[in-house]
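Below is the file coords09.cif, which contains mmCIF, C-alpha atoms.
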data_run
#
loop_
_atom_site.group_PDB
_atom_site.id
_atom_site.type_symbol
_atom_site.label_atom_id
_atom_site.label_comp_id
_atom_site.auth_asym_id
_atom_site.auth_seq_id
_atom_site.Cartn_x
_atom_site.Cartn_y
_atom_site.Cartn_z
ATOM 1 C CA ALA A 1 2.506 218.909 -269.896
ATOM 2 C CA LYS A 2 2.945 221.681 -272.437
ATOM 3 C CA ARG A 3 6.069 223.726 -271.763
ATOM 4 C CA ALA A 4 5.970 227.480 -271.765
ATOM 5 C CA SER A 5 7.920 229.180 -274.526
ATOM 6 C CA ARG A 6 11.072 231.066 -273.612
ATOM 7 C CA PRO A 7 10.241 234.697 -272.814
ATOM 8 C CA ARG A 8 11.327 236.989 -275.640
ATOM 9 C CA ALA A 9 12.139 240.045 -273.542
ATOM 10 C CA GLU A 10 15.028 238.659 -271.542
ATOM 11 C CA PRO A 11 18.216 240.398 -272.730
ATOM 12 C CA ARG A 12 21.647 238.861 -272.240
ATOM 13 C CA MET A 13 24.347 240.991 -270.646
ATOM 14 C CA PRO A 14 27.747 241.173 -272.381
ATOM 15 C CA THR A 15 30.029 238.741 -270.569
ATOM 16 C CA ALA A 16 33.296 240.665 -270.976
ATOM 17 C CA THR A 17 32.162 243.548 -268.753
ATOM 18 C CA LEU A 18 29.645 241.707 -266.621
ATOM 19 C CA ASP A 19 29.339 243.055 -263.075
ATOM 20 C CA PHE A 20 27.771 240.180 -261.173
ATOM 21 C CA ASP A 21 26.887 242.340 -258.175
ATOM 22 C CA ALA A 22 24.958 244.711 -260.454
ATOM 23 C CA LEU A 23 22.597 242.002 -261.665
ATOM 24 C CA THR A 24 18.929 242.332 -260.741
ATOM 25 C CA PRO A 25 17.157 238.995 -260.249
ATOM 26 C CA ARG A 26 13.888 238.316 -262.011
ATOM 27 C CA ALA A 27 10.980 236.762 -260.101
ATOM 28 C CA TRP A 28 9.115 233.756 -261.521
ATOM 29 C CA THR A 29 5.906 232.327 -260.084
ATOM 30 C CA LEU A 30 5.573 228.609 -260.799
ATOM 31 C CA PRO A 31 2.278 226.713 -261.271
ATOM 32 C CA SER A 32 2.662 225.463 -257.671
ATOM 33 C CA GLY A 33 2.655 229.067 -256.453
ATOM 34 C CA VAL A 34 6.340 228.880 -255.492
ATOM 35 C CA GLN A 35 8.346 232.012 -256.282
ATOM 36 C CA LEU A 36 11.931 231.734 -257.542
ATOM 37 C CA HIS A 37 14.378 234.477 -258.491
ATOM 38 C CA THR A 38 16.913 234.100 -261.305
ATOM 39 C CA VAL A 39 19.719 235.927 -263.042
ATOM 40 C CA ARG A 40 20.830 235.036 -266.548
ATOM 41 C CA ALA A 41 23.662 235.928 -268.910
ATOM 42 C CA GLY A 42 25.852 234.444 -271.624
ATOM 43 C CA GLN A 43 25.305 232.543 -274.848
ATOM 44 C CA GLY A 44 25.317 228.882 -275.782
ATOM 45 C CA GLN A 45 24.046 225.740 -274.114
ATOM 46 C CA PRO A 46 21.872 226.428 -271.038
ATOM 47 C CA LEU A 47 23.614 225.807 -267.704
ATOM 48 C CA ILE A 48 21.910 226.142 -264.334
ATOM 49 C CA PHE A 49 23.822 226.763 -261.108
ATOM 50 C CA ILE A 50 22.222 225.343 -257.946
ATOM 51 C CA HIS A 51 23.466 226.668 -254.592
ATOM 52 C CA GLY A 52 23.735 224.968 -251.220
ATOM 53 C CA ALA A 53 21.679 225.091 -248.043
ATOM 54 C CA MET A 54 22.456 228.645 -246.911
ATOM 55 C CA GLY A 55 23.342 230.182 -250.263
ATOM 56 C CA ASP A 56 21.345 231.964 -252.924
ATOM 57 C CA TRP A 57 21.764 233.101 -256.532
ATOM 58 C CA ARG A 58 24.781 235.193 -255.476
ATOM 59 C CA SER A 59 26.750 232.095 -254.453
ATOM 60 C CA TRP A 60 28.109 231.612 -257.984
ATOM 61 C CA ALA A 61 29.830 234.991 -258.433
ATOM 62 C CA PRO A 62 33.294 233.317 -258.697
ATOM 63 C CA GLN A 63 32.038 231.199 -261.606
ATOM 64 C CA TRP A 64 30.055 233.794 -263.541
ATOM 65 C CA PRO A 65 32.685 235.373 -265.854
ATOM 66 C CA ALA A 66 34.295 232.057 -266.808
ATOM 67 C CA PHE A 67 31.056 230.203 -267.469
ATOM 68 C CA THR A 68 29.007 232.954 -269.131
ATOM 69 C CA ALA A 69 31.761 233.197 -271.736
ATOM 70 C CA ARG A 70 30.791 229.699 -272.903
ATOM 71 C CA PHE A 71 27.264 228.978 -271.654
ATOM 72 C CA ASP A 72 23.809 230.515 -271.320
ATOM 73 C CA CYS A 73 24.046 230.672 -267.522
ATOM 74 C CA ILE A 74 21.209 230.830 -265.013
ATOM 75 C CA SER A 75 21.704 231.168 -261.279
ATOM 76 C CA TYR A 76 18.609 230.998 -259.114
ATOM 77 C CA SER A 77 17.623 231.091 -255.474
ATOM 78 C CA ARG A 78 16.060 227.847 -254.262
ATOM 79 C CA ARG A 79 12.640 227.854 -252.630
ATOM 80 C CA TYR A 80 13.447 229.307 -249.187
ATOM 81 C CA SER A 81 16.486 231.413 -250.083
ATOM 82 C CA HIS A 82 16.869 235.179 -250.481
ATOM 83 C CA PRO A 83 14.978 237.021 -251.961
ATOM 84 C CA ASN A 84 12.125 234.511 -252.384
ATOM 85 C CA HIS A 85 8.985 234.696 -250.243
ATOM 86 C CA ASN A 86 7.592 231.184 -249.896
ATOM 87 C CA THR A 87 5.816 229.507 -247.004
ATOM 88 C CA MET A 88 6.431 225.905 -246.023
ATOM 89 C CA ALA A 89 3.668 223.788 -247.496
ATOM 90 C CA SER A 90 4.505 220.585 -245.597
ATOM 91 C CA PRO A 91 6.983 219.266 -243.015
ATOM 92 C CA ASP A 92 8.722 216.927 -245.464
ATOM 93 C CA HIS A 93 10.625 219.399 -247.630
ATOM 94 C CA SER A 94 13.607 217.830 -249.404
ATOM 95 C CA ALA A 95 15.731 217.671 -252.544
ATOM 96 C CA LEU A 96 12.790 215.970 -254.272
ATOM 97 C CA HIS A 97 10.695 219.125 -253.872
ATOM 98 C CA GLU A 98 13.623 221.283 -254.948
ATOM 99 C CA ALA A 99 14.029 219.119 -258.068
ATOM 100 C CA GLN A 100 10.368 219.620 -258.969
ATOM 101 C CA ASP A 101 10.753 223.374 -258.432
ATOM 102 C CA LEU A 102 13.698 223.404 -260.835
ATOM 103 C CA LEU A 103 11.824 221.363 -263.426
ATOM 104 C CA ASP A 104 8.915 223.805 -263.208
ATOM 105 C CA LEU A 105 11.350 226.708 -263.548
ATOM 106 C CA MET A 106 12.866 225.155 -266.678
ATOM 107 C CA ASP A 107 9.370 224.846 -268.131
ATOM 108 C CA ALA A 108 8.580 228.474 -267.304
ATOM 109 C CA MET A 109 11.825 229.623 -268.940
ATOM 110 C CA GLY A 110 11.303 227.457 -272.011
ATOM 111 C CA LEU A 111 14.389 225.312 -271.390
ATOM 112 C CA ALA A 112 14.083 221.884 -272.932
ATOM 113 C CA GLN A 113 17.436 220.770 -271.495
ATOM 114 C CA ALA A 114 20.242 222.124 -269.348
ATOM 115 C CA VAL A 115 23.532 221.300 -267.718
ATOM 116 C CA LEU A 116 23.170 221.248 -263.919
ATOM 117 C CA VAL A 117 26.018 222.418 -261.679
ATOM 118 C CA GLY A 118 25.192 222.078 -258.005
ATOM 119 C CA SER A 119 27.084 222.504 -254.741
ATOM 120 C CA SER A 120 26.178 220.694 -251.520
ATOM 121 C CA TYR A 121 22.354 220.515 -251.309
ATOM 122 C CA GLY A 122 22.309 221.945 -254.828
ATOM 123 C CA GLY A 123 24.261 218.883 -255.976
ATOM 124 C CA PHE A 124 21.713 216.682 -254.210
ATOM 125 C CA THR A 125 18.961 218.557 -256.064
ATOM 126 C CA ALA A 126 20.756 218.136 -259.395
ATOM 127 C CA LEU A 127 20.998 214.356 -258.977
ATOM 128 C CA ALA A 128 17.355 214.160 -257.878
ATOM 129 C CA LEU A 129 16.239 216.005 -261.022
ATOM 130 C CA ALA A 130 18.495 213.860 -263.224
ATOM 131 C CA LEU A 131 16.664 210.795 -261.885
ATOM 132 C CA GLN A 132 13.231 212.405 -262.186
ATOM 133 C CA ALA A 133 13.641 213.753 -265.728
ATOM 134 C CA PRO A 134 16.860 212.448 -267.330
ATOM 135 C CA GLU A 135 15.767 213.642 -270.769
ATOM 136 C CA ARG A 136 15.934 217.243 -269.497
ATOM 137 C CA VAL A 137 19.503 217.044 -268.162
ATOM 138 C CA THR A 138 22.505 217.020 -270.508
ATOM 139 C CA ALA A 139 25.192 216.746 -267.797
ATOM 140 C CA VAL A 140 25.526 216.940 -264.006
ATOM 141 C CA VAL A 141 28.280 218.370 -261.843
ATOM 142 C CA ALA A 142 27.647 217.672 -258.151
ATOM 143 C CA VAL A 143 29.949 218.962 -255.414
ATOM 144 C CA GLU A 144 29.693 216.945 -252.200
ATOM 145 C CA PRO A 145 25.927 216.289 -252.281
ATOM 146 C CA PRO A 146 25.003 215.656 -248.607
ATOM 147 C CA MET A 147 23.197 212.368 -249.211
ATOM 148 C CA MET A 148 23.504 211.306 -245.576
ATOM 149 C CA LYS A 149 22.072 207.828 -246.053
ATOM 150 C CA TYR A 150 25.108 206.976 -248.177
ATOM 151 C CA ALA A 151 27.342 207.396 -245.114
ATOM 152 C CA ALA A 152 25.754 204.237 -243.717
ATOM 153 C CA ARG A 153 27.185 202.173 -246.586
ATOM 154 C CA SER A 154 30.560 201.875 -244.793
ATOM 155 C CA ALA A 155 31.656 201.363 -241.189
ATOM 156 C CA SER A 156 33.744 204.544 -241.168
ATOM 157 C CA GLY A 157 30.818 206.435 -242.678
ATOM 158 C CA GLN A 158 28.448 205.192 -239.998
ATOM 159 C CA ALA A 159 30.799 206.451 -237.293
ATOM 160 C CA ALA A 160 31.242 209.819 -239.020
ATOM 161 C CA ALA A 161 27.493 210.213 -239.506
ATOM 162 C CA LEU A 162 26.799 209.401 -235.853
ATOM 163 C CA ALA A 163 29.346 211.960 -234.701
ATOM 164 C CA PHE A 164 27.920 214.568 -237.082
ATOM 165 C CA ARG A 165 24.398 213.925 -235.833
ATOM 166 C CA GLU A 166 25.421 214.150 -232.164
ATOM 167 C CA GLN A 167 27.715 217.162 -232.535
ATOM 168 C CA VAL A 168 25.966 219.190 -235.237
ATOM 169 C CA ILE A 169 22.481 218.120 -236.337
ATOM 170 C CA GLU A 170 20.910 217.533 -232.927
ATOM 171 C CA PRO A 171 22.303 220.681 -231.240
ATOM 172 C CA ALA A 172 21.383 222.821 -234.255
ATOM 173 C CA ASN A 173 17.871 221.408 -234.478
ATOM 174 C CA ALA A 174 17.365 221.925 -230.755
ATOM 175 C CA ALA A 175 18.413 225.563 -231.152
ATOM 176 C CA PHE A 176 15.984 225.985 -234.064
ATOM 177 C CA ARG A 177 13.143 224.556 -231.961
ATOM 178 C CA ARG A 178 13.996 226.999 -229.130
ATOM 179 C CA GLY A 179 13.850 229.869 -231.589
ATOM 180 C CA GLU A 180 17.612 230.494 -231.417
ATOM 181 C CA ASP A 181 17.949 230.503 -235.179
ATOM 182 C CA THR A 182 21.239 232.378 -235.442
ATOM 183 C CA LEU A 183 22.946 229.993 -233.013
ATOM 184 C CA ALA A 184 21.528 227.044 -234.949
ATOM 185 C CA ALA A 185 22.894 228.435 -238.203
ATOM 186 C CA GLN A 186 26.333 228.944 -236.660
ATOM 187 C CA ILE A 187 26.394 225.376 -235.340
ATOM 188 C CA MET A 188 25.255 223.932 -238.656
ATOM 189 C CA THR A 189 27.534 226.069 -240.792
ATOM 190 C CA GLY A 190 30.538 225.292 -238.622
ATOM 191 C CA GLY A 191 29.779 221.585 -238.698
ATOM 192 C CA ILE A 192 29.303 221.485 -242.456
ATOM 193 C CA ASN A 193 32.218 223.689 -243.471
ATOM 194 C CA GLY A 194 34.598 223.449 -240.532
ATOM 195 C CA THR A 195 35.938 226.352 -238.501
ATOM 196 C CA ARG A 196 38.657 226.966 -241.126
ATOM 197 C CA ASP A 197 36.031 228.290 -243.515
ATOM 198 C CA ALA A 198 35.772 232.089 -243.659
ATOM 199 C CA VAL A 199 32.012 231.910 -244.348
ATOM 200 C CA ASN A 200 31.526 231.509 -240.604
ATOM 201 C CA GLN A 201 32.745 235.048 -240.004
ATOM 202 C CA GLY A 202 31.941 238.687 -240.801
ATOM 203 C CA PRO A 203 30.066 239.775 -243.936
ATOM 204 C CA ALA A 204 30.007 236.272 -245.399
ATOM 205 C CA MET A 205 28.139 234.953 -242.371
ATOM 206 C CA ALA A 206 25.809 237.963 -242.468
ATOM 207 C CA ARG A 207 24.836 237.065 -246.028
ATOM 208 C CA ARG A 208 24.284 233.479 -245.036
ATOM 209 C CA LEU A 209 21.955 234.588 -242.270
ATOM 210 C CA GLN A 210 19.746 236.107 -244.988
ATOM 211 C CA ASN A 211 19.189 232.490 -246.010
ATOM 212 C CA LEU A 212 18.737 231.111 -242.545
ATOM 213 C CA ARG A 213 15.146 230.052 -243.248
ATOM 214 C CA ALA A 214 16.337 227.719 -246.016
ATOM 215 C CA MET A 215 18.514 225.858 -243.533
ATOM 216 C CA LYS A 216 15.722 225.831 -240.948
ATOM 217 C CA MET A 217 13.177 224.351 -243.362
ATOM 218 C CA LEU A 218 15.542 221.473 -244.119
ATOM 219 C CA ALA A 219 16.638 220.990 -240.515
ATOM 220 C CA LEU A 220 13.036 220.662 -239.317
ATOM 221 C CA SER A 221 11.934 218.508 -242.263
ATOM 222 C CA SER A 222 10.778 214.953 -241.620
ATOM 223 C CA ASP A 223 13.224 213.706 -244.272
ATOM 224 C CA GLU A 224 15.732 216.267 -245.519
ATOM 225 C CA PHE A 225 17.971 213.522 -246.933
ATOM 226 C CA PRO A 226 15.711 211.353 -249.132
ATOM 227 C CA TRP A 227 17.073 208.094 -250.502
ATOM 228 C CA LEU A 228 18.259 208.065 -254.110
ATOM 229 C CA ALA A 229 18.746 204.435 -255.054
ATOM 230 C CA PRO A 230 22.283 203.472 -256.143
ATOM 231 C CA GLN A 231 20.984 201.332 -258.988
ATOM 232 C CA ALA A 232 19.122 204.314 -260.422
ATOM 233 C CA LEU A 233 22.105 206.644 -259.995
ATOM 234 C CA ALA A 234 24.401 204.124 -261.689
ATOM 235 C CA ALA A 235 22.024 204.006 -264.654
ATOM 236 C CA LEU A 236 21.931 207.765 -265.314
ATOM 237 C CA PRO A 237 22.570 208.232 -269.038
ATOM 238 C CA MET A 238 24.156 211.694 -268.982
ATOM 239 C CA PRO A 239 27.796 212.527 -268.097
ATOM 240 C CA VAL A 240 28.253 213.059 -264.354
ATOM 241 C CA LEU A 241 31.168 214.662 -262.511
ATOM 242 C CA LEU A 242 31.406 214.317 -258.726
ATOM 243 C CA LEU A 243 33.758 216.692 -256.886
ATOM 244 C CA ALA A 244 34.917 216.961 -253.277
ATOM 245 C CA GLY A 245 37.406 219.006 -251.296
ATOM 246 C CA GLN A 246 40.472 217.156 -250.111
ATOM 247 C CA GLN A 247 40.162 218.815 -246.667
ATOM 248 C CA THR A 248 36.420 218.250 -246.276
ATOM 249 C CA GLN A 249 34.792 217.075 -243.052
ATOM 250 C CA PRO A 250 34.786 213.301 -242.295
ATOM 251 C CA VAL A 251 31.061 212.834 -242.884
ATOM 252 C CA HIS A 252 31.282 214.480 -246.319
ATOM 253 C CA ARG A 253 34.308 212.354 -247.193
ATOM 254 C CA ALA A 254 32.458 209.153 -246.303
ATOM 255 C CA ILE A 255 29.361 210.148 -248.271
ATOM 256 C CA PHE A 256 31.463 211.107 -251.291
ATOM 257 C CA GLU A 257 33.495 207.898 -251.287
ATOM 258 C CA ASN A 258 30.389 205.733 -251.005
ATOM 259 C CA LEU A 259 28.538 207.732 -253.660
ATOM 260 C CA CYS A 260 31.459 207.382 -256.072
ATOM 261 C CA ALA A 261 31.459 203.623 -255.444
ATOM 262 C CA ALA A 262 27.724 203.526 -256.215
ATOM 263 C CA MET A 263 28.216 205.473 -259.462
ATOM 264 C CA PRO A 264 31.097 203.761 -261.305
ATOM 265 C CA GLN A 265 30.130 205.498 -264.551
ATOM 266 C CA ALA A 266 30.713 208.969 -263.083
ATOM 267 C CA GLU A 267 33.968 210.888 -263.198
ATOM 268 C CA HIS A 268 35.160 212.002 -259.796
ATOM 269 C CA ALA A 269 37.967 214.143 -258.426
ATOM 270 C CA TRP A 270 39.323 215.584 -255.182
ATOM 271 C CA VAL A 271 40.225 219.273 -255.151
ATOM 272 C CA GLU A 272 43.334 220.248 -253.204
ATOM 273 C CA GLY A 273 43.218 223.133 -250.770
ATOM 274 C CA SER A 274 39.463 222.967 -250.304
ATOM 275 C CA GLY A 275 36.879 221.865 -247.806
ATOM 276 C CA HIS A 276 33.164 221.450 -248.490
ATOM 277 C CA GLY A 277 32.728 224.685 -250.486
ATOM 278 C CA VAL A 278 34.935 223.825 -253.462
ATOM 279 C CA SER A 279 33.502 226.373 -255.916
ATOM 280 C CA ARG A 280 33.986 229.150 -253.350
ATOM 281 C CA GLU A 281 37.256 228.055 -251.731
ATOM 282 C CA GLN A 282 39.131 227.087 -254.911
ATOM 283 C CA PRO A 283 37.215 228.838 -257.713
ATOM 284 C CA GLU A 284 39.982 228.711 -260.317
ATOM 285 C CA LEU A 285 40.565 224.976 -259.858
ATOM 286 C CA PHE A 286 36.828 224.362 -259.819
ATOM 287 C CA ASN A 287 36.218 226.400 -262.967
ATOM 288 C CA GLN A 288 39.039 224.696 -264.856
ATOM 289 C CA ARG A 289 37.962 221.196 -263.855
ATOM 290 C CA VAL A 290 34.295 221.695 -264.626
ATOM 291 C CA LEU A 291 34.821 223.532 -267.912
ATOM 292 C CA SER A 292 37.213 220.791 -269.027
ATOM 293 C CA PHE A 293 34.589 218.165 -268.167
ATOM 294 C CA LEU A 294 31.920 220.053 -270.115
ATOM 295 C CA THR A 295 34.104 220.620 -273.189
ATOM 296 C CA PRO A 296 33.152 218.156 -275.955
ATOM 297 C CA ARG A 297 35.791 215.540 -276.581
ATOM 298 C CA PRO A 298 37.091 215.192 -280.169
#
If you took the structure in this file and wrote it as structure tokens, what would it be?
Amino acid sequence: AKRASRPRAEPRMPTATLDFDALTPRAWTLPSGVQLHTVRAGQGQPLIFIHGAMGDWRSWAPQWPAFTARFDCISYSRRYSHPNHNTMASPDHSALHEAQDLLDLMDAMGLAQAVLVGSSYGGFTALALALQAPERVTAVVAVEPPMMKYAARSASGQAAALAFREQVIEPANAAFRRGEDTLAAQIMTGGINGTRDAVNQGPAMARRLQNLRAMKMLALSSDEFPWLAPQALAALPMPVLLLAGQQTQPVHRAIFENLCAAMPQAEHAWVEGSGHGVSREQPELFNQRVLSFLTPRP
């Protein structure tokens, strides 16, 4: 398909004085009819940030100054996140649909290639797009992609996944079906991030509740964790960095360990002092590690 040219009237903001909170997202309507909102700043190689299940374009504020100094950065809100207005087209929404959305967005923005940096379900989306269109992806950074089927590739992972399903997924989904969406979000967020995570409290939780529908669409999907074959992941031609928090929840640890084993070509690292939300909980360590990975070797 013919790609759209990059819009000419899209000014870059100076990175030295960039106020992330002052950014105004731009709305794009894709050929599918899906609406996505983006912000963009910086110069250099295109880099796209992809947020997790209850985040939005604002999730990458801790990364913005460091990365826009070296990259042409785009942060966008995935299909069901604030401030998009999209209806659910089918009951099987997954990372595969999110990957197609991102590919369509790249076409609309005239981006032939980009680095993908994704956290949680955003990391899942990044890997899905890398498999779908490897020629469009120059590098992938994926933070704890929740590829639940990979937990089953070890005995400890199977036990962790069963406990997570019984203690988190099933109670949260039942609350969603009863219409108790806020309770469902609290159960799911607590199970994913752990009670130590401040996002479960106060203003941070209030912002997450703006993205509650994104979590609900995945929770009620017929397959929110589609299978990405290990042989295909191991054959990805671009550089890949997999990151996880040293204090992450057991199910995430099992998935990460099994995913790393399935992708021997990928670099991987544990980040001290962090749970599931590495880029938010340890932004300086995250920024240093990722920027080092993306810096060309002599």
Find the residues near His37 (chain A): any atom within 10 Å, counting all atoms listed in the file, skip ones fewer than 2 places away on the same chain, and give them as a count of residues only.
21
Give as a count of residues only every residue, naming chains and numbers as the document does, that has an atom within 10 Å of (29.5, 217.2, -253.6), counting all atoms listed in the file.
29
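Each of A:Asn173, A:Ser274, A:Thr38, A:Gln63 was checked against Ala219 (chain A) using all atoms listed in the file; the smallest atom-to-atom distance is that of A:Asn173.
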Contacts of Arg70 (chain A) at 10 Å (all atoms listed in the file; same-chain gap of 5+ positions) as an MDAnalysis selection string
chainID A and resid 15 42:47 65 291 295
Can you spell out as a JSON list (two decimals) with C-alpha atoms, in the frame of the given file the set of residues that the PyMOL selection byres ((chain A and resi 137) around 9) selects in the structure I just provided?
[["chain", "number", "residue", "atom", "x", "y", "z"],
["A", 112, "ALA", "CA", 14.08, 221.88, -272.93],
["A", 113, "GLN", "CA", 17.44, 220.77, -271.50],
["A", 114, "ALA", "CA", 20.24, 222.12, -269.35],
["A", 115, "VAL", "CA", 23.53, 221.30, -267.72],
["A", 116, "LEU", "CA", 23.17, 221.25, -263.92],
["A", 126, "ALA", "CA", 20.76, 218.14, -259.40],
["A", 129, "LEU", "CA", 16.24, 216.00, -261.02],
["A", 130, "ALA", "CA", 18.50, 213.86, -263.22],
["A", 133, "ALA", "CA", 13.64, 213.75, -265.73],
["A", 134, "PRO", "CA", 16.86, 212.45, -267.33],
["A", 135, "GLU", "CA", 15.77, 213.64, -270.77],
["A", 136, "ARG", "CA", 15.93, 217.24, -269.50],
["A", 138, "THR", "CA", 22.50, 217.02, -270.51],
["A", 139, "ALA", "CA", 25.19, 216.75, -267.80],
["A", 140, "VAL", "CA", 25.53, 216.94, -264.01],
["A", 238, "MET", "CA", 24.16, 211.69, -268.98]]
